[in-house]
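Participant: model_19.cif is the file, holding mmCIF, C-alpha atoms:
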```cif
data_final
#
loop_
_atom_site.group_PDB
_atom_site.id
_atom_site.type_symbol
_atom_site.label_atom_id
_atom_site.label_comp_id
_atom_site.auth_asym_id
_atom_site.auth_seq_id
_atom_site.Cartn_x
_atom_site.Cartn_y
_atom_site.Cartn_z
ATOM 1 C CA MET A 162 13.568 -0.157 1.814
ATOM 2 C CA ARG A 163 10.958 -1.979 -0.287
ATOM 3 C CA PHE A 164 10.307 -2.014 -4.015
ATOM 4 C CA PHE A 165 6.945 -1.702 -5.749
ATOM 5 C CA GLU A 166 6.131 -1.792 -9.446
ATOM 6 C CA THR A 167 3.990 1.077 -10.733
ATOM 7 C CA THR A 168 2.637 2.367 -14.028
ATOM 8 C CA ARG A 169 4.414 5.720 -13.753
ATOM 9 C CA GLY A 170 6.945 6.874 -16.282
ATOM 10 C CA GLY A 171 10.691 6.907 -15.662
ATOM 11 C CA ASP A 172 12.992 4.452 -13.937
ATOM 12 C CA ILE A 173 13.305 3.628 -10.225
ATOM 13 C CA THR A 174 12.624 6.447 -7.791
ATOM 14 C CA TYR A 175 12.412 6.859 -4.019
ATOM 15 C CA HIS A 176 9.545 7.946 -1.778
ATOM 16 C CA GLY A 177 10.223 8.372 1.930
ATOM 17 C CA PRO A 178 10.011 10.616 4.989
ATOM 18 C CA GLY A 179 10.958 14.225 4.384
ATOM 19 C CA GLN A 180 9.543 14.329 0.858
ATOM 20 C CA ILE A 181 6.482 15.995 -0.559
ATOM 21 C CA VAL A 182 4.906 13.610 -3.031
ATOM 22 C CA GLY A 183 2.267 15.156 -5.284
ATOM 23 C CA TYR A 184 0.081 13.108 -7.632
ATOM 24 C CA PRO A 185 -2.133 15.570 -9.555
ATOM 25 C CA LEU A 186 -5.251 14.109 -11.137
ATOM 26 C CA MET A 187 -6.176 16.341 -14.073
ATOM 27 C CA HIS A 188 -8.125 15.996 -17.290
ATOM 28 C CA LEU A 189 -6.133 17.563 -20.096
ATOM 29 C CA GLY A 190 -8.931 18.998 -22.197
ATOM 30 C CA GLU A 191 -8.909 20.371 -25.717
ATOM 31 C CA GLY A 192 -5.899 22.584 -26.307
ATOM 32 C CA ASN A 193 -3.939 21.020 -23.444
ATOM 33 C CA ARG A 194 -3.475 17.485 -24.766
ATOM 34 C CA ASP A 195 0.281 17.637 -24.877
ATOM 35 C CA VAL A 196 2.537 15.731 -22.492
ATOM 36 C CA ARG A 197 5.417 17.975 -23.547
ATOM 37 C CA LYS A 198 3.523 20.927 -22.094
ATOM 38 C CA TYR A 199 2.173 19.244 -18.965
ATOM 39 C CA VAL A 200 5.472 17.918 -17.597
ATOM 40 C CA PRO A 201 7.364 21.242 -17.964
ATOM 41 C CA LYS A 202 4.533 22.915 -16.077
ATOM 42 C CA LEU A 203 5.041 20.475 -13.192
ATOM 43 C CA GLU A 204 8.742 21.317 -13.295
ATOM 44 C CA GLU A 205 7.896 25.015 -13.205
ATOM 45 C CA VAL A 206 5.776 24.509 -10.069
ATOM 46 C CA LEU A 207 8.770 22.977 -8.319
ATOM 47 C CA ILE A 208 11.277 25.526 -9.657
ATOM 48 C CA ARG A 209 9.131 28.345 -8.252
ATOM 49 C CA THR A 210 8.666 26.477 -4.963
ATOM 50 C CA VAL A 211 12.369 26.045 -4.185
ATOM 51 C CA ALA A 212 13.016 29.613 -5.346
ATOM 52 C CA GLN A 213 11.075 30.718 -2.253
ATOM 53 C CA TYR A 214 14.060 29.420 -0.252
ATOM 54 C CA GLY A 215 16.666 31.146 -2.377
ATOM 55 C CA ILE A 216 17.437 28.001 -4.400
ATOM 56 C CA THR A 217 17.955 28.276 -8.150
ATOM 57 C CA ALA A 218 16.828 25.076 -9.848
ATOM 58 C CA THR A 219 16.860 24.325 -13.557
ATOM 59 C CA ARG A 220 15.766 21.699 -16.057
ATOM 60 C CA ALA A 221 18.231 19.296 -17.683
ATOM 61 C CA GLU A 222 17.963 18.429 -21.354
ATOM 62 C CA GLY A 223 16.474 14.972 -21.786
ATOM 63 C CA GLN A 224 16.179 14.346 -18.022
ATOM 64 C CA ARG A 225 12.905 15.049 -16.272
ATOM 65 C CA GLY A 226 12.812 16.658 -12.846
ATOM 66 C CA ILE A 227 14.594 19.749 -11.565
ATOM 67 C CA TRP A 228 18.242 20.134 -10.663
ATOM 68 C CA VAL A 229 20.485 22.269 -8.499
ATOM 69 C CA GLY A 230 23.784 22.083 -10.312
ATOM 70 C CA GLU A 231 24.497 18.387 -10.830
ATOM 71 C CA ASN A 232 22.092 17.279 -8.085
ATOM 72 C CA LYS A 233 18.410 16.442 -8.528
ATOM 73 C CA ILE A 234 16.110 18.045 -5.976
ATOM 74 C CA ALA A 235 12.798 16.806 -7.406
ATOM 75 C CA ALA A 236 11.864 13.791 -9.528
ATOM 76 C CA ILE A 237 8.945 13.585 -11.948
ATOM 77 C CA GLY A 238 7.254 10.513 -13.395
ATOM 78 C CA VAL A 239 3.749 10.691 -14.839
ATOM 79 C CA ARG A 240 1.194 8.529 -16.571
ATOM 80 C CA ILE A 241 -1.537 9.845 -18.836
ATOM 81 C CA ALA A 242 -4.438 7.605 -19.866
ATOM 82 C CA ARG A 243 -7.342 8.987 -21.918
ATOM 83 C CA TRP A 244 -5.813 12.393 -21.191
ATOM 84 C CA VAL A 245 -6.229 11.994 -17.436
ATOM 85 C CA THR A 246 -2.989 12.399 -15.483
ATOM 86 C CA SER A 247 -1.783 10.239 -12.625
ATOM 87 C CA HIS A 248 1.425 9.891 -10.597
ATOM 88 C CA GLY A 249 3.490 13.078 -10.459
ATOM 89 C CA PHE A 250 6.468 14.399 -8.497
ATOM 90 C CA ALA A 251 8.591 13.919 -5.378
ATOM 91 C CA LEU A 252 10.280 17.002 -3.920
ATOM 92 C CA ASN A 253 13.094 16.450 -1.429
ATOM 93 C CA VAL A 254 12.555 18.724 1.556
ATOM 94 C CA ASN A 255 14.153 17.149 4.639
ATOM 95 C CA THR A 256 14.857 13.804 2.979
ATOM 96 C CA LYS A 257 17.642 11.531 4.273
ATOM 97 C CA LEU A 258 19.863 11.649 1.223
ATOM 98 C CA ASP A 259 21.891 8.583 2.149
ATOM 99 C CA HIS A 260 18.821 6.485 1.299
ATOM 100 C CA PHE A 261 19.463 7.280 -2.366
ATOM 101 C CA GLN A 262 22.749 5.378 -2.190
ATOM 102 C CA LEU A 263 20.728 2.158 -2.318
ATOM 103 C CA ILE A 264 19.366 2.911 -5.804
ATOM 104 C CA THR A 265 20.318 4.672 -9.019
ATOM 105 C CA PRO A 266 17.679 7.435 -8.950
ATOM 106 C CA CYS A 267 15.678 7.534 -12.192
ATOM 107 C CA GLY A 268 18.353 5.314 -13.742
ATOM 108 C CA ILE A 269 20.736 8.280 -14.101
ATOM 109 C CA ARG A 270 24.373 7.611 -13.261
ATOM 110 C CA GLY A 271 27.045 10.132 -12.404
ATOM 111 C CA ARG A 272 24.767 12.760 -10.852
ATOM 112 C CA GLY A 273 23.720 13.340 -7.255
ATOM 113 C CA VAL A 274 20.668 14.158 -5.171
ATOM 114 C CA THR A 275 19.968 17.089 -2.901
ATOM 115 C CA SER A 276 17.154 18.580 -0.828
ATOM 116 C CA ILE A 277 15.910 21.970 0.283
ATOM 117 C CA ALA A 278 17.314 21.355 3.782
ATOM 118 C CA ASN A 279 20.674 20.337 2.336
ATOM 119 C CA GLU A 280 20.865 23.460 0.212
ATOM 120 C CA ILE A 281 19.940 25.962 2.923
ATOM 121 C CA GLY A 282 21.619 24.163 5.823
ATOM 122 C CA ARG A 283 18.598 23.572 8.029
ATOM 123 C CA ALA A 284 15.436 21.511 8.237
ATOM 124 C CA ILE A 285 12.174 23.314 7.551
ATOM 125 C CA PRO A 286 8.548 22.505 8.409
ATOM 126 C CA ILE A 287 7.252 20.370 5.565
ATOM 127 C CA GLU A 288 3.785 21.908 6.000
ATOM 128 C CA ASP A 289 5.226 25.294 5.007
ATOM 129 C CA VAL A 290 6.664 23.867 1.803
ATOM 130 C CA ARG A 291 3.433 22.015 1.050
ATOM 131 C CA ALA A 292 1.498 25.297 1.212
ATOM 132 C CA ILE A 293 3.950 26.886 -1.225
ATOM 133 C CA VAL A 294 3.632 23.944 -3.634
ATOM 134 C CA VAL A 295 -0.170 24.296 -3.608
ATOM 135 C CA ALA A 296 0.045 28.040 -4.261
ATOM 136 C CA LYS A 297 2.568 27.642 -7.090
ATOM 137 C CA PHE A 298 0.545 24.827 -8.660
ATOM 138 C CA ALA A 299 -2.527 27.062 -8.739
ATOM 139 C CA GLU A 300 -0.398 29.858 -10.207
ATOM 140 C CA VAL A 301 1.193 27.788 -12.979
ATOM 141 C CA PHE A 302 -1.926 25.829 -13.946
ATOM 142 C CA ASP A 303 -4.275 28.807 -13.535
ATOM 143 C CA ARG A 304 -6.459 27.159 -10.907
ATOM 144 C CA ASP A 305 -8.241 28.347 -7.777
ATOM 145 C CA VAL A 306 -7.435 26.696 -4.449
ATOM 146 C CA VAL A 307 -10.653 25.467 -2.852
ATOM 147 C CA LEU A 308 -10.330 23.842 0.559
ATOM 148 C CA ARG A 309 -12.785 21.078 1.406
ATOM 149 C CA ALA A 310 -13.555 20.151 4.984
ATOM 150 C CA GLU A 311 -13.267 16.493 5.881
ATOM 151 C CA THR A 312 -16.412 14.383 5.779
ATOM 152 C CA ILE A 313 -15.203 12.045 8.488
ATOM 153 C CA ARG A 314 -12.491 12.151 11.168
ATOM 154 C CA LEU A 315 -10.671 8.909 11.923
ATOM 155 C CA VAL A 316 -7.911 7.397 14.023
ATOM 156 C CA LYS A 317 -5.565 4.574 13.084
ATOM 157 C CA VAL A 318 -3.906 2.507 15.835
ATOM 158 C CA MET A 319 -0.875 0.356 15.050
ATOM 159 C CA VAL A 320 -0.930 -2.347 17.737
ATOM 160 C CA HIS A 321 2.358 -4.255 18.113
ATOM 161 C CA ASP A 322 4.304 -6.540 20.444
ATOM 162 C CA ASP A 323 7.732 -5.032 19.575
ATOM 163 C CA HIS A 324 8.276 -7.638 16.840
ATOM 164 C CA ARG A 325 4.949 -8.131 15.124
ATOM 165 C CA VAL A 326 1.935 -6.030 14.263
ATOM 166 C CA LEU A 327 -1.744 -6.846 14.746
ATOM 167 C CA LEU A 328 -3.910 -6.688 11.621
ATOM 168 C CA LEU A 329 -7.647 -7.239 11.345
ATOM 169 C CA HIS A 330 -9.394 -8.685 8.299
ATOM 170 C CA ARG A 331 -12.421 -6.723 7.177
ATOM 171 C CA LYS A 332 -15.416 -8.864 6.247
ATOM 172 C CA PRO A 333 -16.041 -9.369 2.489
ATOM 173 C CA GLU A 334 -19.121 -7.153 2.528
ATOM 174 C CA ARG A 335 -17.025 -4.451 4.237
ATOM 175 C CA GLY A 336 -14.135 -4.535 1.753
ATOM 176 C CA ASN A 337 -12.332 -7.878 2.242
ATOM 177 C CA PHE A 338 -8.884 -6.548 3.182
ATOM 178 C CA TRP A 339 -6.375 -6.499 6.049
ATOM 179 C CA GLN A 340 -5.953 -3.296 8.055
ATOM 180 C CA PRO A 341 -4.764 -1.881 11.389
ATOM 181 C CA ILE A 342 -7.328 -0.833 13.987
ATOM 182 C CA THR A 343 -9.295 2.173 12.720
ATOM 183 C CA GLY A 344 -12.346 4.041 13.879
ATOM 184 C CA SER A 345 -14.384 7.235 13.612
ATOM 185 C CA ILE A 346 -14.017 10.042 16.127
ATOM 186 C CA GLU A 347 -17.415 10.478 17.726
ATOM 187 C CA ALA A 348 -18.935 13.749 18.905
ATOM 188 C CA GLY A 349 -17.280 14.977 22.087
ATOM 189 C CA GLU A 350 -14.326 12.573 21.789
ATOM 190 C CA SER A 351 -10.691 13.529 21.470
ATOM 191 C CA PRO A 352 -8.595 11.481 19.003
ATOM 192 C CA LEU A 353 -6.815 9.890 21.986
ATOM 193 C CA ASP A 354 -10.148 8.893 23.548
ATOM 194 C CA THR A 355 -11.199 7.329 20.240
ATOM 195 C CA ALA A 356 -7.946 5.388 19.988
ATOM 196 C CA ARG A 357 -8.479 3.980 23.508
ATOM 197 C CA ARG A 358 -12.070 3.038 22.709
ATOM 198 C CA GLU A 359 -11.174 1.346 19.422
ATOM 199 C CA ILE A 360 -8.441 -0.743 21.073
ATOM 200 C CA ALA A 361 -10.961 -1.974 23.624
ATOM 201 C CA GLU A 362 -13.667 -2.661 21.021
ATOM 202 C CA GLU A 363 -11.366 -4.418 18.551
ATOM 203 C CA THR A 364 -9.171 -6.436 20.937
ATOM 204 C CA GLY A 365 -11.090 -6.709 24.198
ATOM 205 C CA HIS A 366 -8.160 -5.147 26.088
ATOM 206 C CA ARG A 367 -7.305 -1.791 27.556
ATOM 207 C CA GLY A 368 -4.423 -0.076 25.854
ATOM 208 C CA GLU A 369 -2.613 3.215 26.255
ATOM 209 C CA PRO A 370 -2.003 4.622 22.766
ATOM 210 C CA GLU A 371 0.733 7.102 21.960
ATOM 211 C CA ALA A 372 0.720 9.581 19.086
ATOM 212 C CA LEU A 373 2.523 8.342 15.976
ATOM 213 C CA ASP A 374 3.204 11.854 14.609
ATOM 214 C CA LEU A 375 1.217 10.995 11.499
ATOM 215 C CA GLN A 376 -1.757 12.893 10.107
ATOM 216 C CA GLN A 377 -3.217 11.900 6.751
ATOM 217 C CA SER A 378 -6.013 12.965 4.432
ATOM 218 C CA PHE A 379 -7.498 10.849 1.672
ATOM 219 C CA MET A 380 -10.676 10.029 -0.213
ATOM 220 C CA ILE A 381 -12.640 6.879 0.571
ATOM 221 C CA GLU A 382 -14.579 4.790 -1.913
ATOM 222 C CA SER A 383 -16.981 2.692 0.108
ATOM 223 C CA HIS A 384 -20.520 1.593 -0.676
ATOM 224 C CA TYR A 385 -21.036 1.116 3.061
ATOM 225 C CA LEU A 386 -20.012 4.668 3.946
ATOM 226 C CA GLU A 387 -21.950 6.166 1.053
ATOM 227 C CA THR A 388 -25.123 5.282 2.932
ATOM 228 C CA LEU A 389 -23.919 7.385 5.874
ATOM 229 C CA TYR A 390 -22.096 10.303 4.269
ATOM 230 C CA PRO A 391 -22.398 12.376 1.100
ATOM 231 C CA THR A 392 -19.842 11.714 -1.637
ATOM 232 C CA PRO A 393 -17.019 12.281 -2.197
ATOM 233 C CA ILE A 394 -15.963 11.085 1.267
ATOM 234 C CA ILE A 395 -12.877 12.989 2.432
ATOM 235 C CA ALA A 396 -11.237 11.598 5.555
ATOM 236 C CA SER A 397 -8.676 13.009 7.939
ATOM 237 C CA GLU A 398 -6.879 10.501 10.133
ATOM 238 C CA MET A 399 -4.545 10.679 13.119
ATOM 239 C CA GLY A 400 -2.100 7.870 13.813
ATOM 240 C CA PHE A 401 -1.376 6.179 17.147
ATOM 241 C CA VAL A 402 0.668 3.198 18.349
ATOM 242 C CA ALA A 403 -0.039 0.861 21.254
ATOM 243 C CA ARG A 404 1.793 -2.131 22.666
ATOM 244 C CA LEU A 405 -0.069 -5.342 23.461
ATOM 245 C CA SER A 406 1.136 -8.838 24.239
ATOM 246 C CA SER A 407 0.571 -11.164 21.290
ATOM 247 C CA SER A 408 -0.282 -13.945 23.744
ATOM 248 C CA ALA A 409 -3.358 -12.067 24.944
ATOM 249 C CA PRO A 410 -6.650 -13.381 23.537
ATOM 250 C CA ILE A 411 -8.122 -11.042 20.922
ATOM 251 C CA ARG A 412 -11.851 -10.338 20.742
ATOM 252 C CA ILE A 413 -12.598 -8.623 17.438
ATOM 253 C CA ASP A 414 -15.746 -6.703 16.517
ATOM 254 C CA ALA A 415 -17.637 -9.357 14.534
ATOM 255 C CA GLU A 416 -19.774 -6.755 12.761
ATOM 256 C CA GLU A 417 -16.737 -5.418 10.890
ATOM 257 C CA HIS A 418 -14.051 -8.111 10.970
ATOM 258 C CA ASP A 419 -13.913 -11.860 10.538
ATOM 259 C CA ASP A 420 -10.255 -12.628 11.378
ATOM 260 C CA PHE A 421 -7.084 -11.246 12.922
ATOM 261 C CA GLY A 422 -3.406 -12.074 12.920
ATOM 262 C CA TRP A 423 -0.033 -11.097 14.333
ATOM 263 C CA PHE A 424 2.380 -10.584 11.433
ATOM 264 C CA THR A 425 6.030 -9.730 11.012
ATOM 265 C CA PHE A 426 6.593 -6.419 9.285
ATOM 266 C CA GLY A 427 7.447 -8.194 6.046
ATOM 267 C CA GLU A 428 4.238 -10.223 6.206
ATOM 268 C CA ALA A 429 2.211 -7.142 7.090
ATOM 269 C CA TYR A 430 3.548 -5.191 4.101
ATOM 270 C CA GLU A 431 2.401 -8.046 1.854
ATOM 271 C CA ARG A 432 -1.128 -7.980 3.263
ATOM 272 C CA ILE A 433 -1.795 -4.266 3.580
ATOM 273 C CA ARG A 434 -3.592 -2.797 0.577
ATOM 274 C CA TRP A 435 -3.671 0.951 1.181
ATOM 275 C CA THR A 436 -0.691 3.318 1.020
ATOM 276 C CA ASP A 437 -1.812 5.270 4.092
ATOM 277 C CA ASP A 438 -1.719 2.051 6.140
ATOM 278 C CA ARG A 439 1.681 1.200 4.668
ATOM 279 C CA GLU A 440 3.033 4.615 5.683
ATOM 280 C CA ALA A 441 1.813 4.057 9.242
ATOM 281 C CA LEU A 442 3.502 0.647 9.258
ATOM 282 C CA GLU A 443 6.743 2.233 8.070
ATOM 283 C CA ARG A 444 6.554 4.823 10.860
ATOM 284 C CA LEU A 445 5.969 2.108 13.446
ATOM 285 C CA GLU A 446 8.874 0.002 12.136
ATOM 286 C CA ALA A 447 11.212 3.001 12.302
ATOM 287 C CA ARG A 448 9.983 3.871 15.780
ATOM 288 C CA ILE A 449 10.589 0.504 17.420
ATOM 289 C CA GLY A 450 13.766 -0.136 15.418
#
```
As structure tokens, what does this structure read like?

Facilitator:
Amino acid sequence: MRFFETTRGGDITYHGPGQIVGYPLMHLGEGNRDVRKYVPKLEEVLIRTVAQYGITATRAEGQRGIWVGENKIAAIGVRIARWVTSHGFALNVNTKLDHFQLITPCGIRGRGVTSIANEIGRAIPIEDVRAIVVAKFAEVFDRDVVLRAETIRLVKVMVHDDHRVLLLHRKPERGNFWQPITGSIEAGESPLDTARREIAEETGHRGEPEALDLQQSFMIESHYLETLYPTPIIASEMGFVARLSSSAPIRIDAEEHDDFGWFTFGEAYERIRWTDDREALERLEARIG
């Protein structure tokens, strides 16, 4: 478990596998500029969501989030700047509850934590719960759900040697940050074919990638990509892992990257900028133990 400082409200909280983390970005216009109205609406979204599984959740006076008896099932911490919201909520779906023993969730002592799976006695597909959250959010906030197709399809390949992970440094004019191997899925390629091709192009070696069981969607801000795609750029990305000996010479693509390195997981966490890359690193670390 690692700790990161944020600008969200509330005390320490936990984000991990088995949770749905929602960070709504909304402008609270005239007539809605009231934090005391916005936060209860978020709570109502989550109360209605868990109710779909026969769970009765309630609010607790002076303690944000929603509760099942004495146990919190969803945490809320928001930030509002110039009446634009950020941060949001974390709903425990199939979360490993013993992880919470390492912290005092939200700084509240004497109360526990629960999850949807814990309450109903079985794990459930997180995609099903995510769809319910979206529907209830639209219901509570009086919004329409409009799906947007991705602008670009990507793969991410976490290359490792069982102890360290390979990161590439993107050239200053391409962003100036460390990242795993990534690449665009070209016409006629499968994601697996793209992963194989990117390993060869970025390392000079053949590799046999395996699926990481990680699919992500996010927006990209990139002056380079804006010349190729309309904005906003919405990406979908599939994760893979591949093993490679760290003693093998690496031949990077000099058009995109100017350096590479093999890093311990701790070192890699310090260098990685983006949360989607950090999640992939966490999945890899859990996978190889």

Participant: Using all atoms listed in the file, which of the listed residues (A:Arg309, A:Lys202, A:His330, A:His324) sits closest to Ile433 (chain A)?

Facilitator: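 Among the listed residues, A:His330 lies closest to Ile433 (chain A).
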
Participant: Taking into account all atoms listed in the file, which residue in the set A:Ala441, A:Ile449, A:Ile277, A:Ile381 is nearest to Leu258 (chain A)?

Facilitator: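 Ranked by minimum distance to Leu258 (chain A), first place goes to A:Ile277.
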
Participant: For this file, the PyMOL selection byres ((chain A and resi 417-429) around 9) selects which residues, as a PyMOL selection string?

Facilitator: chain A and resi 321-322+324-335+337+339+363+407+411+413-416+430-433+439+442-443+446

Participant: Looking at all atoms listed in the file, which of A:Asp323, A:Asp259, A:Asp437, A:Glu347 is the one that sits closest to Ala403 (chain A)?

Facilitator: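 The answer is A:Asp323, which sits nearest to Ala403 (chain A).
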
Participant: Give me the residues near Lys257 (chain A) as a ChimeraX atom specification, where near means some atom within 8 Å (using only C-alpha atoms) and where sequence neighbours in that chain fewer than 2 positions away do not count.

Facilitator: /A:178-179,255,259-260

Participant: Just region 338-347 of chain A from the block, all heavy atoms, as a short mmCIF file (atom, residue, chain, number, x, y, z; two decimals), in the first residue's frame, could you?

Facilitator:
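Output file out.cif is given in full below:
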```
data_model
loop_
_atom_site.label_atom_id
_atom_site.label_comp_id
_atom_site.auth_asym_id
_atom_site.auth_seq_id
_atom_site.Cartn_x
_atom_site.Cartn_y
_atom_site.Cartn_z
N PHE A 338 8.18 12.41 -19.90
CA PHE A 338 7.81 11.60 -18.74
C PHE A 338 8.17 10.14 -18.98
O PHE A 338 8.41 9.71 -20.10
CB PHE A 338 6.32 11.73 -18.42
CG PHE A 338 5.39 11.38 -19.56
CD1 PHE A 338 5.01 10.07 -19.81
CD2 PHE A 338 4.88 12.38 -20.38
CE1 PHE A 338 4.16 9.74 -20.85
CE2 PHE A 338 4.01 12.07 -21.43
CZ PHE A 338 3.66 10.75 -21.67
N TRP A 339 8.22 9.38 -17.87
CA TRP A 339 8.48 7.94 -17.91
C TRP A 339 7.17 7.19 -18.10
O TRP A 339 6.15 7.57 -17.53
CB TRP A 339 9.16 7.48 -16.64
CG TRP A 339 10.57 7.95 -16.50
CD1 TRP A 339 11.00 9.07 -15.83
CD2 TRP A 339 11.74 7.33 -17.02
NE1 TRP A 339 12.36 9.18 -15.91
CE2 TRP A 339 12.86 8.12 -16.64
CE3 TRP A 339 11.97 6.18 -17.78
CZ2 TRP A 339 14.16 7.80 -16.99
CZ3 TRP A 339 13.28 5.86 -18.12
CH2 TRP A 339 14.36 6.66 -17.73
N GLN A 340 7.23 6.09 -18.85
CA GLN A 340 6.01 5.31 -19.12
C GLN A 340 6.37 3.88 -19.48
O GLN A 340 7.51 3.59 -19.87
CB GLN A 340 5.23 5.95 -20.27
CG GLN A 340 5.98 5.92 -21.58
CD GLN A 340 5.15 6.41 -22.76
OE1 GLN A 340 5.68 6.68 -23.81
NE2 GLN A 340 3.86 6.51 -22.62
N PRO A 341 5.41 2.96 -19.37
CA PRO A 341 5.60 1.61 -19.92
C PRO A 341 5.54 1.69 -21.45
O PRO A 341 5.34 2.75 -22.03
CB PRO A 341 4.40 0.82 -19.36
CG PRO A 341 3.80 1.71 -18.32
CD PRO A 341 4.12 3.11 -18.68
N ILE A 342 5.69 0.55 -22.09
CA ILE A 342 5.53 0.49 -23.55
C ILE A 342 4.05 0.68 -23.89
O ILE A 342 3.18 0.03 -23.32
CB ILE A 342 6.03 -0.87 -24.08
CG1 ILE A 342 7.55 -0.95 -23.96
CG2 ILE A 342 5.60 -1.09 -25.53
CD1 ILE A 342 8.13 -2.30 -24.33
N THR A 343 3.77 1.60 -24.80
CA THR A 343 2.40 1.83 -25.26
C THR A 343 2.41 1.96 -26.77
O THR A 343 3.45 2.24 -27.38
CB THR A 343 1.80 3.11 -24.64
OG1 THR A 343 2.57 4.24 -25.05
CG2 THR A 343 1.77 3.03 -23.13
N GLY A 344 1.24 1.79 -27.36
CA GLY A 344 1.15 1.96 -28.80
C GLY A 344 -0.28 1.89 -29.29
O GLY A 344 -1.16 1.37 -28.61
N SER A 345 -0.52 2.43 -30.47
CA SER A 345 -1.85 2.46 -31.07
C SER A 345 -2.13 1.17 -31.84
O SER A 345 -1.24 0.64 -32.52
CB SER A 345 -1.97 3.65 -32.03
OG SER A 345 -1.71 4.87 -31.38
N ILE A 346 -3.35 0.71 -31.73
CA ILE A 346 -3.79 -0.47 -32.48
C ILE A 346 -4.07 -0.03 -33.91
O ILE A 346 -4.93 0.83 -34.15
CB ILE A 346 -5.04 -1.10 -31.85
CG1 ILE A 346 -4.74 -1.53 -30.40
CG2 ILE A 346 -5.52 -2.28 -32.68
CD1 ILE A 346 -5.96 -2.05 -29.66
N GLU A 347 -3.36 -0.58 -34.85
CA GLU A 347 -3.52 -0.20 -36.25
C GLU A 347 -4.64 -1.01 -36.90
O GLU A 347 -5.07 -2.05 -36.38
CB GLU A 347 -2.20 -0.39 -36.99
CG GLU A 347 -1.08 0.50 -36.46
CD GLU A 347 0.22 0.33 -37.20
OE1 GLU A 347 0.29 -0.57 -38.09
OE2 GLU A 347 1.17 1.08 -36.92
#
```
